[in-house]
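What follows is the content of coords_20.txt (compact mmCIF, C-alpha atoms).
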# COMPACT_ATOMS: atom_id res chain seq x y z
CA MET A 1 -24.26 -4.60 27.92
CA SER A 2 -23.50 -1.03 26.84
CA THR A 3 -24.07 0.27 23.31
CA ALA A 4 -20.31 0.33 22.68
CA ASP A 5 -19.98 -3.29 23.79
CA THR A 6 -22.89 -4.29 21.55
CA VAL A 7 -21.32 -2.59 18.52
CA ARG A 8 -17.97 -4.22 19.31
CA GLU A 9 -19.60 -7.65 19.59
CA HIS A 10 -21.38 -7.26 16.23
CA ALA A 11 -18.12 -6.10 14.64
CA ARG A 12 -16.31 -9.12 16.07
CA GLU A 13 -18.95 -11.46 14.65
CA ALA A 14 -18.69 -9.79 11.25
CA GLY A 15 -14.91 -10.01 11.29
CA ASP A 16 -15.07 -13.71 12.13
CA SER A 17 -17.46 -14.53 9.29
CA PRO A 18 -16.05 -16.77 6.51
CA VAL A 19 -16.97 -14.21 3.84
CA VAL A 20 -14.92 -11.45 5.46
CA GLU A 21 -12.08 -13.80 6.37
CA TRP A 22 -11.62 -15.21 2.89
CA GLY A 23 -12.37 -11.82 1.38
CA ALA A 24 -9.48 -10.37 3.39
CA ARG A 25 -7.23 -13.16 2.14
CA LEU A 26 -8.33 -12.34 -1.41
CA GLY A 27 -7.42 -8.72 -0.65
CA TYR A 28 -3.89 -9.68 0.37
CA ALA A 29 -3.53 -11.65 -2.85
CA ALA A 30 -4.82 -8.62 -4.79
CA ASN A 31 -2.17 -6.53 -3.05
CA GLY A 32 0.38 -9.05 -4.26
CA VAL A 33 -0.73 -8.61 -7.87
CA LEU A 34 -0.56 -4.82 -7.50
CA HIS A 35 2.99 -4.89 -6.14
CA LEU A 36 4.22 -7.26 -8.84
CA LEU A 37 2.90 -4.81 -11.44
CA LEU A 38 4.55 -1.93 -9.58
CA ALA A 39 7.82 -3.86 -9.58
CA TRP A 40 7.60 -4.34 -13.35
CA LEU A 41 6.92 -0.64 -13.98
CA THR A 42 9.78 0.32 -11.66
CA TRP A 43 12.11 -1.99 -13.56
CA GLU A 44 11.04 -0.35 -16.82
CA ILE A 45 11.95 3.06 -15.37
CA ALA A 46 15.35 1.69 -14.39
CA GLU A 47 15.81 0.44 -17.95
CA GLY A 48 14.63 3.76 -19.38
CA THR A 49 11.83 2.12 -21.38
CA SER A 50 8.76 3.15 -19.37
CA GLY A 51 6.16 5.65 -20.45
CA ASP A 52 3.73 4.55 -17.73
CA GLN A 53 3.52 5.80 -14.18
CA ALA A 54 5.07 3.50 -11.58
CA SER A 55 2.15 4.05 -9.24
CA GLN A 56 -1.05 2.35 -8.18
CA SER A 57 -2.94 3.92 -11.06
CA GLY A 58 -0.16 2.99 -13.48
CA ALA A 59 -0.21 -0.62 -12.29
CA LEU A 60 -3.99 -0.80 -12.60
CA ALA A 61 -3.83 0.74 -16.09
CA GLU A 62 -1.29 -1.92 -17.08
CA LEU A 63 -3.60 -4.65 -15.80
CA ALA A 64 -6.57 -3.14 -17.64
CA ARG A 65 -4.70 -3.48 -20.94
CA GLN A 66 -4.13 -7.21 -20.51
CA PRO A 67 -6.50 -9.90 -21.87
CA GLY A 68 -9.13 -10.45 -19.19
CA GLY A 69 -7.87 -7.35 -17.41
CA GLN A 70 -11.31 -5.90 -16.70
CA LEU A 71 -12.44 -9.10 -14.98
CA ALA A 72 -9.20 -9.22 -12.99
CA LEU A 73 -9.76 -5.62 -11.91
CA TRP A 74 -13.22 -6.44 -10.55
CA VAL A 75 -11.68 -9.32 -8.58
CA LEU A 76 -9.18 -6.83 -7.13
CA VAL A 77 -12.03 -4.46 -6.27
CA ALA A 78 -13.81 -7.24 -4.35
CA GLY A 79 -10.61 -8.21 -2.55
CA PHE A 80 -9.71 -4.69 -1.47
CA ALA A 81 -13.31 -3.95 -0.47
CA LEU A 82 -13.52 -6.99 1.81
CA LEU A 83 -10.05 -6.30 3.19
CA ALA A 84 -11.29 -2.79 4.03
CA VAL A 85 -14.36 -4.28 5.74
CA TRP A 86 -12.13 -6.47 7.88
CA GLN A 87 -10.01 -3.45 8.85
CA LEU A 88 -13.21 -1.64 9.80
CA THR A 89 -14.15 -4.47 12.16
CA GLU A 90 -10.61 -4.40 13.58
CA ALA A 91 -10.82 -0.64 14.17
CA ILE A 92 -14.02 -1.19 16.16
CA VAL A 93 -12.97 -4.31 18.06
CA ARG A 94 -9.47 -3.27 19.09
CA ARG A 95 -9.26 -1.51 22.45
CA ARG A 96 -5.80 0.11 22.26
CA ALA A 97 -5.77 3.52 20.56
CA GLY A 98 -2.66 2.63 18.56
CA ASP A 99 -4.25 -0.54 17.18
CA LYS A 100 -7.43 1.35 16.30
CA ALA A 101 -5.47 4.06 14.48
CA LYS A 102 -3.45 1.50 12.55
CA ALA A 103 -6.58 -0.37 11.44
CA ALA A 104 -8.31 2.90 10.52
CA ALA A 105 -5.33 3.99 8.40
CA LYS A 106 -5.35 0.65 6.58
CA LEU A 107 -9.11 0.98 6.09
CA VAL A 108 -8.60 4.31 4.33
CA GLY A 109 -5.72 2.94 2.25
CA TYR A 110 -7.48 -0.20 1.06
CA THR A 111 -10.67 1.74 0.35
CA ALA A 112 -8.73 4.21 -1.80
CA ILE A 113 -7.01 1.44 -3.75
CA GLY A 114 -10.31 -0.40 -4.21
CA TRP A 115 -12.00 2.77 -5.46
CA THR A 116 -9.20 3.43 -7.97
CA ALA A 117 -9.41 -0.19 -9.16
CA ALA A 118 -13.18 0.22 -9.60
CA VAL A 119 -12.63 3.34 -11.73
CA PHE A 120 -10.35 1.37 -14.08
CA ALA A 121 -12.64 -1.68 -14.04
CA ALA A 122 -15.52 0.55 -15.17
CA GLY A 123 -13.42 1.83 -18.07
CA GLY A 124 -12.33 5.10 -16.47
CA ARG A 125 -8.88 6.54 -15.89
CA SER A 126 -7.03 8.06 -12.96
CA SER A 127 -3.58 9.55 -12.37
CA SER A 128 -1.84 9.19 -9.02
CA ASN A 129 0.73 11.83 -10.03
CA ARG A 130 -1.96 14.42 -10.84
CA THR A 131 -3.99 13.62 -7.74
CA THR A 132 -0.95 13.97 -5.47
CA SER A 133 0.20 17.21 -7.11
CA ASP A 134 -3.31 18.69 -6.98
CA PHE A 135 -3.63 17.76 -3.32
CA THR A 136 -0.25 19.30 -2.49
CA ARG A 137 -1.04 22.45 -4.49
CA MET A 138 -4.35 22.85 -2.63
CA VAL A 139 -2.91 22.29 0.85
CA ILE A 140 0.19 24.40 0.34
CA GLY A 141 -2.06 27.40 -0.32
CA TRP A 142 -3.71 27.13 3.10
CA PRO A 143 -2.49 29.06 6.15
CA ALA A 144 0.49 27.07 7.43
CA GLY A 145 0.07 24.92 4.32
CA GLN A 146 3.82 24.45 3.88
CA TRP A 147 4.01 23.02 7.38
CA LEU A 148 1.09 20.69 6.67
CA VAL A 149 2.70 19.38 3.48
CA GLY A 150 5.96 18.95 5.36
CA ALA A 151 4.07 17.06 8.08
CA VAL A 152 2.57 14.74 5.45
CA GLY A 153 6.09 14.10 4.18
CA ALA A 154 7.31 13.37 7.70
CA VAL A 155 4.46 10.88 8.24
CA VAL A 156 5.20 9.10 4.94
CA LEU A 157 8.90 9.12 5.85
CA ALA A 158 8.07 7.53 9.22
CA ILE A 159 5.86 4.89 7.57
CA GLY A 160 8.69 4.07 5.18
CA GLY A 161 11.12 3.76 8.07
CA TYR A 162 8.63 1.54 9.90
CA HIS A 163 8.50 -0.79 6.88
CA VAL A 164 12.30 -0.98 6.72
CA VAL A 165 12.58 -1.83 10.42
CA LYS A 166 9.69 -4.31 10.21
CA GLY A 167 11.43 -6.11 7.37
CA ALA A 168 14.89 -6.03 8.91
CA ARG A 169 13.62 -7.39 12.24
CA ARG A 170 11.25 -9.93 10.63
CA ALA A 171 8.47 -8.37 12.73
CA PHE A 172 5.97 -9.15 9.97
CA LEU A 173 5.94 -12.75 11.21
CA ARG A 174 3.71 -11.56 14.07
CA ASP A 175 0.99 -10.92 11.48
CA LEU A 176 0.89 -14.62 10.59
CA ARG A 177 -0.82 -17.52 12.35
CA GLU A 178 2.19 -19.82 11.85
CA HIS A 179 5.70 -19.80 10.42
CA PRO A 180 5.33 -19.61 6.61
CA GLY A 181 8.70 -21.13 5.71
CA VAL A 182 12.07 -19.72 4.68
CA PRO A 183 11.07 -18.52 1.16
CA ALA A 184 8.24 -16.44 2.62
CA VAL A 185 10.52 -14.97 5.30
CA VAL A 186 13.14 -13.99 2.73
CA ALA A 187 10.49 -12.46 0.46
CA GLY A 188 8.89 -10.62 3.36
CA ALA A 189 12.15 -9.19 4.68
CA ALA A 190 13.30 -7.98 1.27
CA GLY A 191 9.81 -6.80 0.38
CA TYR A 192 9.25 -4.67 3.47
CA VAL A 193 12.71 -3.10 3.20
CA GLY A 194 12.27 -2.37 -0.53
CA LYS A 195 8.80 -0.92 -0.10
CA GLY A 196 9.99 1.10 2.88
CA LEU A 197 12.81 2.68 0.88
CA ALA A 198 10.35 3.64 -1.87
CA LEU A 199 8.08 5.30 0.72
CA VAL A 200 11.05 7.13 2.23
CA ALA A 201 11.73 8.61 -1.22
CA VAL A 202 8.08 9.72 -1.48
CA GLY A 203 8.27 11.36 1.94
CA VAL A 204 11.44 13.23 0.97
CA LEU A 205 9.68 14.66 -2.11
CA PHE A 206 6.83 16.00 0.03
CA ILE A 207 9.31 17.65 2.40
CA VAL A 208 11.25 19.17 -0.52
CA ALA A 209 7.98 20.42 -2.05
CA ALA A 210 7.10 22.09 1.26
CA ALA A 211 10.55 23.58 1.82
CA GLU A 212 10.80 25.01 -1.70
CA HIS A 213 7.09 25.86 -2.04
CA GLU A 214 6.89 23.79 -5.23
CA PRO A 215 3.82 21.50 -5.06
CA GLY A 216 4.71 20.02 -8.44
CA ARG A 217 7.69 18.29 -6.81
CA ALA A 218 5.34 16.01 -4.82
CA THR A 219 4.24 13.50 -7.46
CA GLY A 220 3.88 10.35 -5.37
CA LEU A 221 5.67 7.08 -5.95
CA ASP A 222 6.30 7.58 -9.66
CA GLY A 223 7.99 10.94 -9.12
CA ALA A 224 10.05 9.54 -6.25
CA LEU A 225 11.30 6.63 -8.36
CA ARG A 226 12.18 8.89 -11.26
CA SER A 227 14.10 11.10 -8.83
CA LEU A 228 16.05 8.06 -7.67
CA GLN A 229 16.90 7.37 -11.30
CA GLN A 230 18.84 10.66 -11.40
CA LEU A 231 21.13 9.65 -8.54
CA PRO A 232 24.60 8.18 -9.07
CA ALA A 233 24.05 4.46 -9.70
CA GLY A 234 20.33 5.31 -9.95
CA GLN A 235 19.67 2.38 -12.26
CA VAL A 236 21.08 -0.02 -9.68
CA VAL A 237 19.08 1.62 -6.89
CA LEU A 238 15.87 1.39 -8.90
CA GLY A 239 16.61 -2.22 -9.79
CA LEU A 240 16.91 -3.04 -6.09
CA VAL A 241 13.65 -1.18 -5.33
CA ALA A 242 11.94 -3.12 -8.13
CA LEU A 243 13.25 -6.36 -6.64
CA GLY A 244 11.99 -5.31 -3.21
CA LEU A 245 8.51 -4.51 -4.55
CA ALA A 246 8.43 -7.84 -6.37
CA CYS A 247 9.41 -9.62 -3.15
CA PHE A 248 6.63 -7.78 -1.30
CA GLY A 249 4.21 -8.98 -3.95
CA VAL A 250 5.36 -12.57 -3.52
CA TYR A 251 5.15 -12.27 0.27
CA SER A 252 1.59 -10.95 -0.06
CA PHE A 253 0.56 -14.28 -1.61
CA PHE A 254 2.06 -16.11 1.37
CA ARG A 255 0.29 -13.67 3.68
CA ALA A 256 -3.01 -14.36 1.94
CA TRP A 257 -2.76 -17.93 3.23
CA PHE A 258 -0.98 -17.51 6.56
CA ALA A 259 -2.39 -14.18 7.82
CA ARG A 260 -4.16 -13.88 11.15
CA VAL A 261 -7.67 -12.94 10.03
Produce structure tokens that represent the structure in this file.
Amino acid sequence: MSTADTVREHAREAGDSPVVEWGARLGYAANGVLHLLLAWLTWEIAEGTSGDQASQSGALAELARQPGGQLALWVLVAGFALLAVWQLTEAIVRRRAGDKAKAAAKLVGYTAIGWTAAVFAAGGRSSSNRTTSDFTRMVIGWPAGQWLVGAVGAVVLAIGGYHVVKGARRAFLRDLREHPGVPAVVAGAAGYVGKGLALVAVGVLFIVAAAEHEPGRATGLDGALRSLQQLPAGQVVLGLVALGLACFGVYSFFRAWFARV
């Protein structure tokens, strides 16, 4: 057996372990909590009553303020960490380049969310808006930086479109080991479409920031949602996005039980 095959076999054994399996399910549930909080913050923006960021850091800050919030944050940290471990095993085990890239991207995403949750759990603070703007300001100053920022926007735009199509076609059912029932399907379809539209708005902001050479325009999800608020019928649009994010949160709880892990 070659070294690559040995590594793949060890990764498969790790991925099949009960700790990683149930840890990944905990991670999906943690993702559900995060999206429900995002939905609430988005609704507050639609109502014009929010002073908090409708972002991952804003949602985690909201959780930290609740009774027992610090303990809940550490549970989220554990869930996202184990979900990241499972994605690492998937990135190693999968043989198709596309599947490896998808798992690797999720590994980075879940690790980043887990790290941010750990910062809040330890009593620290973080700002998704500031991090995104600082990143854009740094990159846009590089040679061909505008093109790179535009490319980031195009990637986020494509991911958002992928979510919309996945929800509309019910393709998310392929991620589950069995049919989860009508309520889960409805929540999943609405959730993927709603989350996809929010990501499309984020991607547009990156492209606008690149085109106008204004890195401050790229402020992540919170900035994208506040931009939507300025549109005609923006309150209605934001209300629908909030509903979509809430549905994604609900679907994440179903996925925690029915996911192929």
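Atom CA of Leu225 of chain A lies 16.5 Å from atom CA of Tyr192 of chain A.
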Contacts of segment 178-186 of chain A within 12 Å, all atoms listed in the file, excl. fewer than 2 positions in-chain, as a PyMOL selection string: chain A and resi 166-176+188-193+244+246-260
Using only C-alpha atoms, the best pick from A:Val237, A:Val202, A:Ala14, A:Ala211 as closest to Leu82 of chain A would be A:Ala14
I'd like the neighbourhood of segment 147-162 of chain A as a ChimeraX atom specification, where a residue qualifies if any of its atoms comes within 12 Å (using only C-alpha atoms), though same-chain residues fewer than 3 positions away should be ignored. /A:102,105,132-133,135-144,165-172,191-215,217-221
Which residues, written as number ranges by chain, have at least one atom at most 12 Å from Leu73 of chain A, with only C-alpha atoms counted and residues fewer than 2 positions away on the same chain left out? A: 27, 30-31, 33-34, 57, 59-71, 75-80, 113-124
Restricted to C-alpha atoms, what would the selected residues look like written as a compact mmCIF listing (two decimals), keeping the file's coordinate frame?
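Result written to out_18.txt:
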# COMPACT_ATOMS: atom_id res chain seq x y z
CA GLY A 27 -7.42 -8.72 -0.65
CA ALA A 30 -4.82 -8.62 -4.79
CA ASN A 31 -2.17 -6.53 -3.05
CA VAL A 33 -0.73 -8.61 -7.87
CA LEU A 34 -0.56 -4.82 -7.50
CA SER A 57 -2.94 3.92 -11.06
CA ALA A 59 -0.21 -0.62 -12.29
CA LEU A 60 -3.99 -0.80 -12.60
CA ALA A 61 -3.83 0.74 -16.09
CA GLU A 62 -1.29 -1.92 -17.08
CA LEU A 63 -3.60 -4.65 -15.80
CA ALA A 64 -6.57 -3.14 -17.64
CA ARG A 65 -4.70 -3.48 -20.94
CA GLN A 66 -4.13 -7.21 -20.51
CA PRO A 67 -6.50 -9.90 -21.87
CA GLY A 68 -9.13 -10.45 -19.19
CA GLY A 69 -7.87 -7.35 -17.41
CA GLN A 70 -11.31 -5.90 -16.70
CA LEU A 71 -12.44 -9.10 -14.98
CA VAL A 75 -11.68 -9.32 -8.58
CA LEU A 76 -9.18 -6.83 -7.13
CA VAL A 77 -12.03 -4.46 -6.27
CA ALA A 78 -13.81 -7.24 -4.35
CA GLY A 79 -10.61 -8.21 -2.55
CA PHE A 80 -9.71 -4.69 -1.47
CA ILE A 113 -7.01 1.44 -3.75
CA GLY A 114 -10.31 -0.40 -4.21
CA TRP A 115 -12.00 2.77 -5.46
CA THR A 116 -9.20 3.43 -7.97
CA ALA A 117 -9.41 -0.19 -9.16
CA ALA A 118 -13.18 0.22 -9.60
CA VAL A 119 -12.63 3.34 -11.73
CA PHE A 120 -10.35 1.37 -14.08
CA ALA A 121 -12.64 -1.68 -14.04
CA ALA A 122 -15.52 0.55 -15.17
CA GLY A 123 -13.42 1.83 -18.07
CA GLY A 124 -12.33 5.10 -16.47
